Amino acid sequence: MKITPLEKWITAKLLLPDGVMLTRDLLEIYQVEKVQKVVSYVRQKSPFYRDLLSGWSENGIKNMKDIASLPFTTAADVREQEMRMLCTSQDEIERVVTLQTSGTTGAAKRLFFTADDLELTVDFFRHGMMTMVEAGNTVIVFLPGELPGSVGDLLSRALGTVGVKAVIHGPVRELAAARSEILRHDAPCLVGIPTQILALARGENADTIPHGWVKSVLLSTDYVPTAIREELERLWGCRVFAHYGMTETGLGGGVECEAQDGYHLREADLYTEIIDPDDGRLLPDGETGEVVFTTLTRNGMPLVRYRTGDLARIITDPCPCGTVLKRLGRVTGRIEAKLRIQGATLCMADLDEILFPVAGLLNFSAEVTELAGADYLNLCLQVCEGQGERVVEEVTAALWHSELLAPLLRRGSVTLGGITFNPAGWFTTGTGKRYIKDHRQRQITS
């Protein structure tokens, strides 16, 4: 098994002397020094950080424990203080990304990136993709790529520097057109959204893509259910990898190696912590909590101890690939997207793992409503043509046999409401994260 290509890349970024191997100690010394420089930089350049960090000095940051004493930044800060968070003139900003938080109607977040900031992401993509491809291969990008600085554009630029051909198709809007694109290239690597790539492998006329035609798949932008990964590997005979990142991390955050067991983080550009989401306490490696990161090399809008809202853990076991880099375990959901429902918590990732093993299911949406004080779980399914009745039966059975929902259904705490279908020919083309819509008027606390 090859070691993750990120290790060699990060070693070079640390400017270690010839013959000196990368170690955790050296990497952590580098990160502490970078955080010192970030704190000094943002206090000089940003009115927001000048106020936030008025009681702190870079000279007081000596170790990881000192970093954990710094205040957090949040999505609300980005929404409300965006211009005061800027550390460069607007003339230096190359790309502005506007994000509407899932499930809210409030002000959107805007993230600002300089040309140098974008090049950092290009560099990460260039090395991270080397686990899946090599010179002469083709990557088909089923993500937005029409705008300069978009994820597809940055990925295309990165691959072009290492002799890999990038074809930017954009999000899947028509299954037939996307499959035709795949068949135009020998042994391609596909990059896309989990449910959209699943639809290419499972949907009507899916057998037009022969087993073994696709070389590898990289899934990104949303939670990657185990069921989708295993189904793609079974149907296409390819290897399936996952990427973790968000606009706030500069689009790239971490990517799996050949072990396919956790995201190796771009630790020269990001310092990552896991905290208790309730009290903000730093958690030891191995414990699940909220992912927090500090950008170490960004110029336009650096983020200090940014609370992502994602729940994950740092894996403590050494990676089989042999790297010294840390691994972030699979993200188990977003804090704000977890619903309290009659004494249990439920999120879209839970439903994904329960329902996507059902053959013929391509995608679904979910909502929770209330009637006469009772909670109802309603589903809207996208299924393969002609398989609706069977899929409904198997989806219903899966819910009634699930460890999470079966007890609630049996005692009547939750009722399985309507199961409907999306209109014929409908297909999900959105690129945002999926979540359960909560239409209840009362707040569930028990």
# chains A, B, ... in the order shown; residues from 1 in each chain; ligands from 1
call {"tool": "closest_atom_pairs", "arguments": {"of": "stretch 186-253 of chain A", "to": "stretch 302-309 of chain A", "cutoff": "9 Å", "atoms": "only C-alpha atoms", "output": "tab-separated table"}}
result
residue	atom	partner	partner_atom	distance
A:Met246	CA	A:Thr308	CA	8.9
A:Glu248	CA	A:Leu303	CA	8.0
A:Thr249	CA	A:Leu303	CA	8.8
call {"tool": "write_last_selection", "arguments": {"atoms": "C-alpha atoms", "output": "mmCIF file, in the first residue's frame"}}
result
data_model
loop_
_atom_site.group_PDB
_atom_site.id
_atom_site.type_symbol
_atom_site.label_atom_id
_atom_site.label_comp_id
_atom_site.auth_asym_id
_atom_site.auth_seq_id
_atom_site.Cartn_x
_atom_site.Cartn_y
_atom_site.Cartn_z
ATOM 1 C CA MET A 246 -16.109 22.974 2.719
ATOM 2 C CA GLU A 248 -14.479 27.648 4.644
ATOM 3 C CA THR A 249 -11.521 25.251 4.395
#
call {"tool": "residues_around", "arguments": {"residues": "stretch 228-239 of chain A", "least_positions_apart": "3", "cutoff": "6 Å", "atoms": "only C-alpha atoms", "output": "list in words"}}
result
His211, Gly212, Lys215, Ser216 and Pro225 of chain A
call {"tool": "select_by_dssp", "arguments": {"residues": "stretch 176-387 of chain A", "states": "helix (DSSP H, G or I)", "output": "PyMOL selection string"}}
result
chain A and resi 176-183+194-202+206-208+226-236+247-249+335-337+348-355
call {"tool": "write_last_selection", "arguments": {"atoms": "C-alpha atoms", "output": "PDB file, in the first residue's frame"}}
result
ATOM      1  CA  ALA A 176     -28.093   9.619 -20.292  1.00  0.00           C
ATOM      2  CA  ALA A 177     -25.828  12.573 -21.086  1.00  0.00           C
ATOM      3  CA  ALA A 178     -23.612  11.896 -18.080  1.00  0.00           C
ATOM      4  CA  ARG A 179     -23.268   8.201 -18.960  1.00  0.00           C
ATOM      5  CA  SER A 180     -22.389   9.095 -22.545  1.00  0.00           C
ATOM      6  CA  GLU A 181     -19.613  11.313 -21.222  1.00  0.00           C
ATOM      7  CA  ILE A 182     -18.283   8.469 -19.077  1.00  0.00           C
ATOM      8  CA  LEU A 183     -18.262   6.070 -22.041  1.00  0.00           C
ATOM      9  CA  PRO A 194     -22.741  10.738  -3.690  1.00  0.00           C
ATOM     10  CA  THR A 195     -26.425  10.501  -4.631  1.00  0.00           C
ATOM     11  CA  GLN A 196     -25.834  11.713  -8.191  1.00  0.00           C
ATOM     12  CA  ILE A 197     -23.080   9.180  -8.826  1.00  0.00           C
ATOM     13  CA  LEU A 198     -25.274   6.439  -7.313  1.00  0.00           C
ATOM     14  CA  ALA A 199     -28.039   7.334  -9.770  1.00  0.00           C
ATOM     15  CA  LEU A 200     -25.596   6.841 -12.657  1.00  0.00           C
ATOM     16  CA  ALA A 201     -24.822   3.334 -11.391  1.00  0.00           C
ATOM     17  CA  ARG A 202     -28.361   2.319 -10.372  1.00  0.00           C
ATOM     18  CA  ALA A 206     -27.362   1.902 -15.816  1.00  0.00           C
ATOM     19  CA  ASP A 207     -26.029  -1.266 -17.467  1.00  0.00           C
ATOM     20  CA  THR A 208     -24.762   0.857 -20.362  1.00  0.00           C
ATOM     21  CA  THR A 226     -21.240   3.297   3.423  1.00  0.00           C
ATOM     22  CA  ALA A 227     -24.110   1.813   1.394  1.00  0.00           C
ATOM     23  CA  ILE A 228     -23.390   4.091  -1.577  1.00  0.00           C
ATOM     24  CA  ARG A 229     -19.670   3.380  -1.453  1.00  0.00           C
ATOM     25  CA  GLU A 230     -20.244  -0.398  -1.363  1.00  0.00           C
ATOM     26  CA  GLU A 231     -22.865  -0.277  -4.119  1.00  0.00           C
ATOM     27  CA  LEU A 232     -20.599   1.644  -6.497  1.00  0.00           C
ATOM     28  CA  GLU A 233     -17.740  -0.761  -5.844  1.00  0.00           C
ATOM     29  CA  ARG A 234     -20.058  -3.738  -6.454  1.00  0.00           C
ATOM     30  CA  LEU A 235     -21.716  -2.423  -9.621  1.00  0.00           C
ATOM     31  CA  TRP A 236     -18.690  -0.850 -11.276  1.00  0.00           C
ATOM     32  CA  THR A 247     -15.832  26.435   1.304  1.00  0.00           C
ATOM     33  CA  GLU A 248     -14.479  27.648   4.644  1.00  0.00           C
ATOM     34  CA  THR A 249     -11.521  25.251   4.395  1.00  0.00           C
ATOM     35  CA  ILE A 335     -25.046  19.553  14.814  1.00  0.00           C
ATOM     36  CA  GLU A 336     -27.749  21.887  13.530  1.00  0.00           C
ATOM     37  CA  ALA A 337     -29.226  19.149  11.331  1.00  0.00           C
ATOM     38  CA  MET A 348     -30.014  12.548   7.275  1.00  0.00           C
ATOM     39  CA  ALA A 349     -26.876  10.434   7.645  1.00  0.00           C
ATOM     40  CA  ASP A 350     -28.846   7.997   9.824  1.00  0.00           C
ATOM     41  CA  LEU A 351     -31.552   7.633   7.174  1.00  0.00           C
ATOM     42  CA  ASP A 352     -28.923   7.305   4.434  1.00  0.00           C
ATOM     43  CA  GLU A 353     -27.374   4.270   6.119  1.00  0.00           C
ATOM     44  CA  ILE A 354     -30.803   2.713   6.716  1.00  0.00           C
ATOM     45  CA  LEU A 355     -32.312   3.279   3.273  1.00  0.00           C
TER      46      LEU A 355
END
call {"tool": "select_by_dssp", "arguments": {"residues": "stretch 54-287 of chain A", "states": "strand (DSSP E or B)", "output": "VMD selection string"}}
result
chain A and resid 73 93 to 99 109 to 114 138 to 142 165 to 168 189 to 192 216 to 219 239 to 244 254 to 255 263 to 265 270 to 275 282
call {"tool": "atom_distance", "arguments": {"atom1": "atom CA of A:Gly250", "atom2": "atom CA of A:Gly262"}}
result
19.3 Å
call {"tool": "atom_distance", "arguments": {"atom1": "atom CA of A:Pro5", "atom2": "atom CA of A:Asp18"}}
result
18.3 Å
call {"tool": "atom_distance", "arguments": {"atom1": "atom CA of A:Lys8", "atom2": "atom CA of A:Thr288"}}
result
28.4 Å
call {"tool": "residues_around", "arguments": {"residues": "stretch 358-368 of chain A", "least_positions_apart": "6", "cutoff": "6 Å", "atoms": "only C-alpha atoms", "output": "list in words"}}
result
Ala199, Tyr376, Leu377, Asn378, Leu379, Cys380, Leu381, Gln382, Val383, Cys384, Ile436, Lys437, Asp438 and His439 of chain A
call {"tool": "closest_residue", "arguments": {"among": "A:Pro171, A:Gly418, A:Gly136, A:Pro144", "to": "A:Leu159", "atoms": "only C-alpha atoms"}}
result
A:Gly136
call {"tool": "residues_around", "arguments": {"residues": "A:Asn63", "least_positions_apart": "5", "cutoff": "9 Å", "atoms": "only C-alpha atoms", "output": "ChimeraX atom specification"}}
result
/A:28-29,32-33
call {"tool": "write_last_selection", "arguments": {"atoms": "C-alpha atoms", "output": "PDB file, in the first residue's frame"}}
result
ATOM      1  CA  GLU A  28       3.120  20.321  15.558  1.00  0.00           C
ATOM      2  CA  ILE A  29       6.023  22.745  16.084  1.00  0.00           C
ATOM      3  CA  VAL A  32       2.171  26.322  16.571  1.00  0.00           C
ATOM      4  CA  GLU A  33       4.532  28.715  14.798  1.00  0.00           C
TER       5      GLU A  33
END
call {"tool": "residues_around", "arguments": {"residues": "A:Ala158", "least_positions_apart": "5", "cutoff": "6 Å", "atoms": "only C-alpha atoms", "output": "JSON list (two decimals) with C-alpha atoms, in the first residue's frame"}}
result
[["chain", "number", "residue", "atom", "x", "y", "z"],
["A", 122, "VAL", "CA", -4.98, 23.87, -6.43],
["A", 125, "PHE", "CA", -5.98, 18.97, -5.22],
["A", 126, "ARG", "CA", -2.86, 18.27, -7.30]]
call {"tool": "closest_residue", "arguments": {"among": "A:Pro284, A:Gly253, A:Pro210, A:Gly145", "to": "A:Tyr271", "atoms": "only C-alpha atoms"}}
result
A:Gly253
call {"tool": "closest_residue", "arguments": {"among": "A:Trp213, A:Phe356, A:Tyr223, A:Phe113", "to": "A:Asp310", "atoms": "only C-alpha atoms"}}
result
A:Tyr223
